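This report concerns only the one structure given below.
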Amino acid sequence: MFSIIQAAGWPIWPLLICSVIALALVIERFSSLRRSRIVPPRLLDEVLGISSQTLPTPEMVNRLAEHSLLGELLASGLRAVTLEPQMQEAKLRQVFELAGRRAIHQLERYLNTLGTIATAAPLLGLLGTVVGMIEIFGSQAPGGGNPAQMAHGISIALYNTAFGLMVAIPSLMFYRYFRGRVEEYVLELEQSGERLLNQLQRYTA
């Protein structure tokens with residue numbers, strides 16, 4: 001591996017850094033976007049069941065907010081109705097929308113970085129290709145070529161092109177995959193917030 005890095009020259013180092021960052025982001029997103037941490041099963045039904053007769057206590061709401069991202073969204077609506085029992089529907093909907101935007105921000109964290117790596121990696125590989133071509137042309141002296149320098153230039157060009165694609169393709173695939181999961185979670189959060197909002201209206205009427 002070290003010999004390959006040496007043959008690829010200095011342009012390989014930005015690609016290596018990008019690959020390490022991309023791997024760390026993929027692992028982090030797999031951990032953070034687990035369903036149990038975003039929209040746990042049966043949580044909405046439990047909250048709807050508890051709040052159907054009376055509003056939960058502040059302690060219960062605080063525990064709900066710490067439970068998951070969905071719990072944080074639902075807790076924001078429960079807190080708002082507890083603090084202002086006569087809250088208008090439009091204002092309560094605004095509370096849910098604001099909490100939803102915060103949730104979306106957390107869901108999309110680091111995705112732009114992963115997408116940037118997927119876009120930039122081929123360009124960094126192309127940079128290595130250009131550097132390798134410069135090495136090749138530099139080896140062609142009027143008095144005769146330098147085979148060692150030409151071989152080094154070819155190595156730089158090919159290794160960087162290949163490694164750029166090796167970093168970009170998985171990064172793009174995981175970016176698309178995580179983006180799809182985020183959109184799915186956003187839809188579930190919106191539907192859950194709407195269901196709780198409809199139930200809380202009986203307390204604000």
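Residue numbers start at 1 in each chain; chains themselves are named A, B, ... in the order of the structure tokens; ligands are numbered from 1 in the order shown.
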Which polymer residues have any atom within 10 Å of an atom of A:Arg109, counting only C-alpha atoms, with same-chain residues fewer than 5 positions away left out, as a PDB file with N, CA, C and O atoms, in the first residue's frame?
```pdb
ATOM      1  N   LEU A  25     -17.815   9.798   8.164  1.00  0.00           N
ATOM      2  CA  LEU A  25     -19.174  10.335   8.026  1.00  0.00           C
ATOM      3  C   LEU A  25     -20.187   9.225   7.783  1.00  0.00           C
ATOM      4  O   LEU A  25     -21.306   9.271   8.315  1.00  0.00           O
ATOM      5  N   ARG A  29     -23.272   8.573  10.252  1.00  0.00           N
ATOM      6  CA  ARG A  29     -24.657   8.679   9.767  1.00  0.00           C
ATOM      7  C   ARG A  29     -25.412   7.371   9.956  1.00  0.00           C
ATOM      8  O   ARG A  29     -26.605   7.381  10.266  1.00  0.00           O
ATOM      9  N   SER A  32     -26.349   7.538  13.601  1.00  0.00           N
ATOM     10  CA  SER A  32     -27.291   8.597  13.970  1.00  0.00           C
ATOM     11  C   SER A  32     -28.650   8.431  13.320  1.00  0.00           C
ATOM     12  O   SER A  32     -29.660   8.902  13.865  1.00  0.00           O
ATOM     13  N   ILE A 104     -35.084  18.424  10.887  1.00  0.00           N
ATOM     14  CA  ILE A 104     -34.517  18.227   9.558  1.00  0.00           C
ATOM     15  C   ILE A 104     -33.055  18.634   9.532  1.00  0.00           C
ATOM     16  O   ILE A 104     -32.219  17.970   8.895  1.00  0.00           O
ATOM     17  N   LEU A 114     -20.520  14.973   2.830  1.00  0.00           N
ATOM     18  CA  LEU A 114     -20.371  13.716   2.103  1.00  0.00           C
ATOM     19  C   LEU A 114     -20.633  13.918   0.615  1.00  0.00           C
ATOM     20  O   LEU A 114     -19.926  13.366  -0.238  1.00  0.00           O
TER      21      LEU A 114
END
```
Write out as a list in words which residues come within 9 Å of A:Pro14 when counting only C-alpha atoms, dropping same-chain ones fewer than 5 positions away. Ser19, Ala121 and Leu124 of chain A
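Taking atom CA of A:Glu188 and atom CA of A:His67 as endpoints, the distance between them is 16.4 Å.
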Would you mind writing down, as a PyMOL selection string, each residue of stretch 21-148 of chain A that DSSP on the backbone assigns to helix (DSSP H, G or I)? chain A and resi 21-32+35-38+43-50+58-67+69-83+89-107+111-138+147-148
Pick from A:Leu44, A:Ala75, A:Leu111, A:Met87 nearest to A:Arg195, counting only C-alpha atoms: A:Leu44
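If only C-alpha atoms are the atoms counted, then among A:Ala162, A:Leu187, A:Leu33, A:Ala118 the closest residue to A:Phe174 is A:Ala118.
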Do you know which residues are at most 8 Å from A:Ala103 counting only C-alpha atoms, after dropping those on the same chain fewer than 3 positions away, and could you put them as a PyMOL selection string? chain A and resi 69+73+99-100+106-107
Dump all heavy atoms for the selected residues as a tab-separated table (two decimals), in the first residue's frame?
```
chain	number	residue	atom	x	y	z
A	69	LEU	N	-35.66	11.83	18.24
A	69	LEU	CA	-35.98	13.04	17.48
A	69	LEU	C	-37.49	13.23	17.37
A	69	LEU	O	-37.99	14.36	17.45
A	69	LEU	CB	-35.35	12.95	16.09
A	69	LEU	CG	-35.10	14.28	15.37
A	69	LEU	CD1	-34.17	15.18	16.18
A	69	LEU	CD2	-34.49	14.03	13.99
A	73	LEU	N	-39.85	16.37	18.84
A	73	LEU	CA	-40.87	17.08	18.07
A	73	LEU	C	-42.21	17.08	18.80
A	73	LEU	O	-42.85	18.13	18.93
A	73	LEU	CB	-41.02	16.41	16.70
A	73	LEU	CG	-42.17	16.92	15.82
A	73	LEU	CD1	-41.86	18.33	15.32
A	73	LEU	CD2	-42.40	15.98	14.65
A	99	ALA	N	-40.12	23.15	15.19
A	99	ALA	CA	-39.48	21.93	15.70
A	99	ALA	C	-39.11	20.99	14.56
A	99	ALA	O	-38.07	20.33	14.60
A	99	ALA	CB	-40.40	21.23	16.70
A	100	GLY	N	-39.96	20.95	13.53
A	100	GLY	CA	-39.66	20.11	12.38
A	100	GLY	C	-38.43	20.58	11.63
A	100	GLY	O	-37.62	19.76	11.17
A	106	GLN	N	-30.94	18.40	11.95
A	106	GLN	CA	-30.16	17.33	12.57
A	106	GLN	C	-30.05	16.11	11.66
A	106	GLN	O	-29.01	15.46	11.60
A	106	GLN	CB	-30.80	16.92	13.90
A	106	GLN	CG	-30.75	18.00	14.97
A	106	GLN	CD	-31.27	17.52	16.31
A	106	GLN	OE1	-30.94	16.42	16.75
A	106	GLN	NE2	-32.08	18.32	16.96
A	107	LEU	N	-31.14	15.82	10.94
A	107	LEU	CA	-31.11	14.67	10.05
A	107	LEU	C	-30.13	14.87	8.90
A	107	LEU	O	-29.48	13.92	8.44
A	107	LEU	CB	-32.51	14.42	9.48
A	107	LEU	CG	-33.56	13.87	10.45
A	107	LEU	CD1	-34.93	13.88	9.79
A	107	LEU	CD2	-33.20	12.47	10.90
```
From a DSSP calculation on the backbone, collect every residue of chain A in strand (DSSP E) and output the set as number ranges by chain. A: 140-141, 144-145
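Put simply, atom CA of A:Gly49 is 17.1 Å away from atom CA of A:Ser76.
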